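Chemist: Structure file upload_0.tsv (TSV, C-alpha atoms) right here:
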```
chain	number	residue	atom	x	y	z
A	198	MET	CA	91.66	-89.13	75.51
A	199	ARG	CA	94.73	-91.26	76.16
A	200	PRO	CA	97.40	-89.75	78.44
A	201	ARG	CA	100.09	-90.90	75.97
A	202	LYS	CA	99.89	-92.00	72.33
A	203	LEU	CA	101.24	-95.30	71.12
A	204	ASP	CA	104.73	-95.19	69.62
A	205	GLN	CA	104.28	-98.36	67.54
A	206	PRO	CA	101.63	-99.88	65.24
A	207	ARG	CA	98.88	-101.78	67.07
A	208	GLY	CA	98.50	-104.61	64.57
A	209	TRP	CA	95.22	-106.33	63.78
A	210	THR	CA	94.88	-108.12	67.13
A	211	PHE	CA	95.09	-105.03	69.30
A	212	THR	CA	92.93	-103.10	66.82
A	213	LEU	CA	90.26	-105.80	66.97
A	214	GLY	CA	90.45	-105.89	70.76
A	215	ALA	CA	90.14	-102.12	70.94
A	216	VAL	CA	87.09	-102.13	68.64
A	217	ILE	CA	85.24	-104.93	70.45
A	218	LEU	CA	86.34	-104.88	74.08
A	219	LYS	CA	87.40	-101.34	74.88
A	220	PRO	CA	83.93	-99.74	74.34
A	221	LEU	CA	82.37	-102.39	76.60
A	222	PHE	CA	85.04	-101.75	79.22
A	223	PHE	CA	84.35	-98.02	79.13
A	224	LEU	CA	80.59	-98.59	79.44
A	225	THR	CA	80.91	-100.80	82.51
A	226	THR	CA	83.76	-99.17	84.46
A	227	LYS	CA	84.85	-95.89	85.98
A	228	ARG	CA	88.60	-95.59	85.56
A	229	ASP	CA	90.91	-94.12	88.19
A	230	TRP	CA	94.31	-94.10	86.48
A	231	ILE	CA	97.12	-92.80	88.74
A	232	ASP	CA	100.73	-92.05	87.72
A	233	GLY	CA	100.51	-94.11	84.54
A	234	LEU	CA	103.18	-91.96	82.91
A	235	LYS	CA	105.70	-93.66	85.21
A	236	ILE	CA	105.55	-96.52	82.71
A	237	PRO	CA	108.53	-95.96	80.38
A	238	ALA	CA	107.44	-94.49	77.05
A	239	SER	CA	109.81	-96.82	75.20
A	240	GLY	CA	112.36	-99.55	75.78
A	241	GLY	CA	112.16	-102.96	77.39
A	242	CYS	CA	110.49	-103.13	80.80
A	243	VAL	CA	108.57	-105.46	83.08
A	244	LEU	CA	105.26	-104.37	84.62
A	245	VAL	CA	104.38	-106.33	87.77
A	246	ILE	CA	100.76	-106.26	88.96
A	247	ASN	CA	98.73	-107.88	91.75
A	248	HIS	CA	96.17	-110.44	90.52
A	249	LEU	CA	92.50	-110.12	91.57
A	250	SER	CA	90.33	-111.47	88.77
A	251	HIS	CA	90.26	-113.19	85.39
A	252	VAL	CA	89.42	-109.78	83.94
A	253	ASP	CA	92.83	-108.41	85.01
A	254	PRO	CA	94.54	-108.88	81.60
A	255	LEU	CA	91.84	-106.72	80.02
A	256	THR	CA	92.14	-103.93	82.59
A	257	ALA	CA	95.94	-104.00	82.34
A	258	ALA	CA	95.79	-103.97	78.54
A	259	VAL	CA	93.52	-100.91	78.48
A	260	PHE	CA	95.69	-99.17	81.07
A	261	THR	CA	99.01	-99.82	79.32
A	262	HIS	CA	97.52	-99.01	75.90
A	263	ASP	CA	96.23	-95.70	77.29
A	264	HIS	CA	99.79	-94.92	78.38
A	265	GLY	CA	101.43	-95.63	75.06
A	266	ARG	CA	102.56	-99.26	75.35
A	267	LEU	CA	101.38	-102.56	73.91
A	268	PRO	CA	101.49	-105.26	76.61
A	269	ARG	CA	102.87	-108.74	76.15
A	270	TYR	CA	101.81	-111.38	78.67
A	271	LEU	CA	103.16	-114.67	79.89
A	272	ALA	CA	99.92	-116.66	79.56
A	273	LYS	CA	98.96	-120.21	80.55
A	274	SER	CA	99.73	-122.59	77.69
A	275	GLY	CA	96.22	-124.06	77.88
A	276	LEU	CA	94.80	-120.86	76.43
A	277	PHE	CA	96.78	-121.45	73.25
A	278	ARG	CA	95.22	-124.87	72.63
A	279	ASN	CA	91.98	-123.29	71.46
A	280	ARG	CA	92.45	-122.84	67.70
A	281	PHE	CA	90.99	-119.35	67.40
A	282	LEU	CA	92.17	-117.99	70.75
A	283	GLY	CA	95.62	-119.47	70.29
A	284	HIS	CA	95.99	-117.81	66.88
A	285	PHE	CA	94.80	-114.51	68.35
A	286	LEU	CA	97.22	-114.68	71.29
A	287	ARG	CA	100.21	-115.62	69.15
A	288	SER	CA	99.41	-112.85	66.66
A	289	ALA	CA	99.35	-110.41	69.59
A	290	GLY	CA	102.83	-111.57	70.63
A	291	GLN	CA	101.74	-113.26	73.85
A	292	ILE	CA	104.03	-115.90	75.35
A	293	PRO	CA	102.74	-119.37	76.37
A	294	VAL	CA	103.94	-120.73	79.69
A	295	GLU	CA	103.84	-124.45	80.47
A	296	ARG	CA	104.08	-124.78	84.23
A	297	SER	CA	106.14	-127.57	85.81
A	298	SER	CA	107.64	-128.36	82.41
A	299	VAL	CA	111.00	-128.13	80.75
A	300	ASN	CA	109.25	-125.89	78.21
A	301	ALA	CA	108.88	-123.21	80.89
A	302	ALA	CA	112.50	-122.32	80.13
A	303	GLY	CA	111.43	-121.47	76.59
A	304	ALA	CA	108.88	-118.98	77.90
A	305	TYR	CA	111.52	-117.37	80.09
A	306	ALA	CA	113.93	-117.09	77.15
A	307	ALA	CA	111.16	-115.59	74.99
A	308	ALA	CA	110.37	-113.02	77.69
A	309	VAL	CA	114.04	-112.06	78.02
A	310	ALA	CA	114.32	-111.71	74.24
A	311	ALA	CA	111.16	-109.55	74.15
A	312	VAL	CA	112.51	-107.22	76.83
A	313	ARG	CA	115.83	-106.91	75.01
A	314	ALA	CA	113.88	-106.07	71.84
A	315	GLY	CA	112.24	-103.16	73.66
A	316	GLU	CA	108.91	-104.78	74.50
A	317	CYS	CA	106.71	-104.15	77.55
A	318	ILE	CA	106.12	-107.42	79.43
A	319	VAL	CA	103.26	-107.71	81.93
A	320	ILE	CA	103.68	-110.26	84.73
A	321	TYR	CA	101.42	-111.22	87.63
A	322	PRO	CA	104.18	-112.37	90.00
A	323	GLU	CA	101.76	-114.19	92.31
A	324	GLY	CA	101.27	-116.64	89.42
A	325	THR	CA	97.52	-116.87	89.92
A	326	ILE	CA	94.60	-114.95	91.42
A	327	THR	CA	95.32	-114.20	95.06
A	328	ARG	CA	94.01	-116.68	97.61
A	329	ASP	CA	94.40	-114.26	100.49
A	330	PRO	CA	90.96	-114.11	102.19
A	331	ASP	CA	90.94	-110.31	101.90
A	332	LEU	CA	92.52	-110.24	98.42
A	333	TRP	CA	95.90	-108.86	99.48
A	334	PRO	CA	98.95	-109.74	97.34
A	335	MET	CA	100.41	-113.15	98.15
A	336	THR	CA	104.00	-114.36	98.05
A	337	GLY	CA	105.48	-113.99	94.58
A	338	LYS	CA	107.19	-116.25	92.09
A	339	SER	CA	110.66	-115.38	90.84
A	340	GLY	CA	110.06	-114.97	87.08
A	341	ALA	CA	109.91	-111.17	87.03
A	342	ALA	CA	113.02	-110.90	89.21
A	343	ARG	CA	114.93	-113.34	86.98
A	344	ILE	CA	114.06	-111.38	83.84
A	345	ALA	CA	115.00	-108.07	85.45
A	346	LEU	CA	118.30	-109.33	86.85
A	347	GLU	CA	119.31	-110.85	83.51
A	348	THR	CA	118.35	-107.89	81.33
A	349	GLY	CA	118.82	-104.95	83.71
A	350	CYS	CA	115.44	-103.61	82.58
A	351	PRO	CA	113.26	-101.46	84.86
A	352	VAL	CA	110.64	-103.29	86.96
A	353	ILE	CA	107.57	-101.11	87.30
A	354	PRO	CA	105.24	-102.02	90.21
A	355	ILE	CA	101.50	-101.52	89.70
A	356	GLY	CA	98.76	-101.85	92.30
A	357	GLN	CA	95.14	-102.33	91.34
A	358	TRP	CA	91.82	-102.54	93.17
A	359	GLY	CA	88.24	-102.91	91.93
A	360	ALA	CA	88.53	-105.55	89.22
A	361	GLN	CA	87.12	-108.11	91.67
A	362	ASP	CA	83.85	-106.14	91.72
A	363	LEU	CA	83.55	-106.42	87.95
A	364	LEU	CA	84.35	-110.14	87.92
A	365	ALA	CA	84.77	-111.90	91.27
A	366	PRO	CA	87.75	-114.25	91.65
A	367	TYR	CA	87.12	-117.45	89.64
A	368	ALA	CA	83.59	-116.31	88.74
A	369	LYS	CA	82.35	-116.83	85.17
A	370	LYS	CA	79.62	-114.19	85.13
A	371	PRO	CA	80.60	-110.51	85.39
A	372	ASP	CA	78.62	-107.94	87.36
A	373	LEU	CA	78.47	-105.19	84.74
A	374	PHE	CA	76.05	-102.67	86.23
A	375	PRO	CA	76.19	-100.32	87.96
A	376	ARG	CA	79.59	-99.34	86.62
A	377	LYS	CA	82.52	-100.50	88.74
A	378	ALA	CA	85.44	-98.29	89.75
A	379	ILE	CA	88.80	-99.67	88.63
A	380	HIS	CA	91.73	-98.10	90.47
A	381	ILE	CA	95.26	-98.59	89.10
A	382	LYS	CA	98.36	-96.87	90.44
A	383	VAL	CA	101.93	-97.08	89.17
A	384	GLY	CA	104.94	-96.78	91.45
A	385	ASP	CA	108.58	-95.90	90.91
A	386	PRO	CA	110.85	-98.61	89.46
A	387	VAL	CA	111.90	-101.26	91.96
A	388	ASP	CA	115.59	-100.75	92.68
A	389	LEU	CA	117.40	-104.09	92.36
A	390	ARG	CA	120.89	-102.69	91.72
A	391	ASP	CA	122.23	-103.78	95.11
A	392	ILE	CA	120.80	-107.30	94.89
A	393	GLY	CA	123.78	-108.77	93.05
A	394	ASP	CA	124.88	-109.60	89.54
A	395	ALA	CA	125.86	-113.25	89.83
A	396	ALA	CA	124.88	-115.33	86.81
A	397	PRO	CA	122.79	-117.30	87.39
A	398	PRO	CA	121.47	-115.58	90.53
A	399	SER	CA	121.24	-117.65	93.69
A	400	ALA	CA	117.95	-118.73	95.23
A	401	GLU	CA	118.54	-116.23	98.03
A	402	THR	CA	119.10	-113.41	95.53
A	403	LEU	CA	115.90	-114.26	93.64
A	404	ALA	CA	113.90	-114.51	96.88
A	405	SER	CA	115.18	-111.11	98.02
A	406	ALA	CA	114.42	-109.46	94.67
A	407	THR	CA	110.97	-111.06	94.48
A	408	GLU	CA	110.02	-109.93	97.98
A	409	ARG	CA	111.17	-106.41	97.16
A	410	ILE	CA	108.90	-106.46	94.09
A	411	MET	CA	105.93	-107.77	96.11
A	412	ARG	CA	106.51	-105.16	98.81
A	413	ALA	CA	106.38	-102.37	96.21
A	414	ILE	CA	103.13	-103.75	94.77
A	415	THR	CA	101.61	-104.17	98.24
A	416	ASP	CA	102.47	-100.58	99.19
A	417	LEU	CA	100.50	-99.37	96.17
A	418	VAL	CA	97.52	-101.59	96.99
A	419	GLU	CA	97.57	-100.33	100.58
A	420	ASP	CA	97.45	-96.79	99.27
A	421	LEU	CA	94.52	-97.54	96.96
A	422	ARG	CA	92.56	-99.35	99.68
A	423	GLY	CA	93.47	-97.00	102.53
A	424	GLU	CA	94.27	-100.07	104.65
A	425	SER	CA	97.28	-102.02	105.87
A	426	ALA	CA	98.10	-105.44	104.48
A	427	PRO	CA	98.68	-108.39	106.84
A	428	ALA	CA	102.14	-108.52	108.41
A	429	VAL	CA	102.64	-112.04	106.98
A	430	ARG	CA	102.01	-112.54	103.28
A	431	TYR	CA	99.69	-115.41	102.27
A	432	ASP	CA	101.75	-118.37	100.99
A	433	MET	CA	99.93	-120.90	98.79
A	434	LYS	CA	102.52	-123.62	99.43
A	435	LYS	CA	102.16	-123.36	103.19
A	436	ALA	CA	98.37	-123.23	102.84
A	437	GLY	CA	98.39	-126.30	100.58
A	438	ALA	CA	96.45	-124.58	97.77
A	439	GLY	CA	97.09	-125.69	94.18
A	440	ASP	CA	97.42	-123.21	91.31
A	441	ASP	CA	93.99	-123.97	89.91
A	442	HIS	CA	92.08	-124.55	93.15
A	443	PRO	CA	89.30	-121.94	93.26
A	444	ARG	CA	88.88	-119.89	96.37
A	445	ARG	CA	85.59	-118.43	97.58
A	446	GLU	CA	84.15	-115.68	95.43
A	447	ALA	CA	84.54	-112.20	96.84
A	448	GLY	CA	83.35	-108.73	96.01
```
Rewrite the coordinates I just gave you, this time as structure tokens.

Modeler:
Amino acid sequence: MRPRKLDQPRGWTFTLGAVILKPLFFLTTKRDWIDGLKIPASGGCVLVINHLSHVDPLTAAVFTHDHGRLPRYLAKSGLFRNRFLGHFLRSAGQIPVERSSVNAAGAYAAAVAAVRAGECIVIYPEGTITRDPDLWPMTGKSGAARIALETGCPVIPIGQWGAQDLLAPYAKKPDLFPRKAIHIKVGDPVDLRDIGDAAPPSAETLASATERIMRAITDLVEDLRGESAPAVRYDMKKAGAGDDHPRREAG
């Protein structure tokens, strides 16, 4: 039984996903949903989540759907080039992002418009699966902070742990049995009211807001793991790792 019912029609894409994927997800996972009702029941918002596995969008979709919201993602533009998958993603209202391109501004504008229209946007602020050797959240990118500062919408931090056991980072073959425990915990909205309201925000303002978001996510992951994260957050730029460079498989 879902903790909260949807307040809007699912549409054919989410219905199809629920019919095909959700039963498989339930058969292969044990779900530990914590404080999911902290996700606003309505209105525009940004959910920010740490990134562990390629299965993360599925786990986040099931989680948000169970708590009454339909998620919209900022997804890599390459996924939209497949004819069938691209049609499916567009029909589900997902937003293509072309990295290092002038078209990235279009994705940002589409995300801002979606939030202002009352949609629930899901963002992985690390930008890719974590490269931290112990899978802790890395440094974040500024997209979520920019959207929040422009729209004034709530930013809801979410920590997760366990998805890497279902599908290891950058692995292609899932480990379905025995069932894997997926832990997801939602925190209180990240307070950005004192950050500043300059338009456009300065680089320093965005960096401060982004670090505050990553700190909130990390606190939740620490709680789920019962461990302390490293004092210094892993930084892909300093480590010289590219966005699509696979790290060792873990889990």

Chemist: So, with only C-alpha atoms as the atoms that count, which of A:Thr402, A:Thr336, A:Thr261, A:Gln205 lies closest to Pro427 (chain A)?

Modeler: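 Among the listed residues, the smallest separation from Pro427 (chain A) belongs to A:Thr336.
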
Chemist: Considering all atoms listed in the file, state which residue in the set A:Ala304, A:Ile246, A:Val294, A:Thr256 is at the smallest distance from Arg412 (chain A).

Modeler: A:Ile246

Chemist: Enumerate, as a PDB file with C-alpha atoms, in the frame of the given file, the protein, DNA and RNA residues whose atoms approach (111.3, -96.7, 92.8) to within 10 Å, taking into account all atoms listed in the file and the coordinate frame of the file.

Modeler:
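Now in result.pdb:
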```pdb
ATOM      1  CA  LYS A 235     105.700 -93.660  85.210  1.00  0.00           C
ATOM      2  CA  PRO A 351     113.260-101.460  84.860  1.00  0.00           C
ATOM      3  CA  VAL A 352     110.640-103.290  86.960  1.00  0.00           C
ATOM      4  CA  ILE A 353     107.570-101.110  87.300  1.00  0.00           C
ATOM      5  CA  PRO A 354     105.240-102.020  90.210  1.00  0.00           C
ATOM      6  CA  GLY A 384     104.940 -96.780  91.450  1.00  0.00           C
ATOM      7  CA  ASP A 385     108.580 -95.900  90.910  1.00  0.00           C
ATOM      8  CA  PRO A 386     110.850 -98.610  89.460  1.00  0.00           C
ATOM      9  CA  VAL A 387     111.900-101.260  91.960  1.00  0.00           C
ATOM     10  CA  ASP A 388     115.590-100.750  92.680  1.00  0.00           C
ATOM     11  CA  LEU A 389     117.400-104.090  92.360  1.00  0.00           C
ATOM     12  CA  ALA A 413     106.380-102.370  96.210  1.00  0.00           C
TER      13      ALA A 413
END
```

Chemist: CA of Met411 (chain A) and CA of Pro334 (chain A) are how many Å apart?

Modeler: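 That distance, rounded to one decimal, is 7.4 Å.
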
Chemist: So how far away is CA of Gly214 (chain A) from CA of Gln357 (chain A), in Å?

Modeler: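 Between these atoms lies a distance of 21.4 Å.
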
Chemist: Near Pro397 (chain A), counting only C-alpha atoms, which residues have an atom at most 10 Å away, once you skip same-chain residues fewer than 5 positions from it, shown as a list in words?

Modeler: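 So the residues in contact are Arg343, Leu346, Glu347, Thr402 and Leu403 of chain A.
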
Chemist: Suppose you want the space between CA of Leu267 (chain A) and CA of Lys369 (chain A); what is it in Å?

Modeler: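 Computing the Euclidean distance for CA of Leu267 (chain A) and CA of Lys369 (chain A) yields 26.3 Å.
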
Chemist: Could you check which residues have any atom within 12 Å of (77.5, -93.5, 89.5), counting all atoms listed in the file with coordinates taken straight from the file, and then list them as a count of residues only?

Modeler: 10

Chemist: With a distance cut-off of 9 Å and all atoms listed in the file, select the neighbouring residues of Pro371 (chain A), excluding the residue or stretch itself and same-chain residues fewer than 6 positions from it, and output the selection as a list in words.

Modeler: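 The residues that qualify are Val252, Asp362, Leu363, Leu364 and Ala365 of chain A.
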
Chemist: For each of A:Ala314, A:Ala302, A:Ile410, A:Ile231, take the minimum atom-to-atom distance to Asn247 (chain A), counting only C-alpha atoms, then give the residue where this is smallest.

Modeler: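 Of A:Ala314, A:Ala302, A:Ile410, A:Ile231, the one nearest Asn247 (chain A) is A:Ile410, counting only C-alpha atoms.
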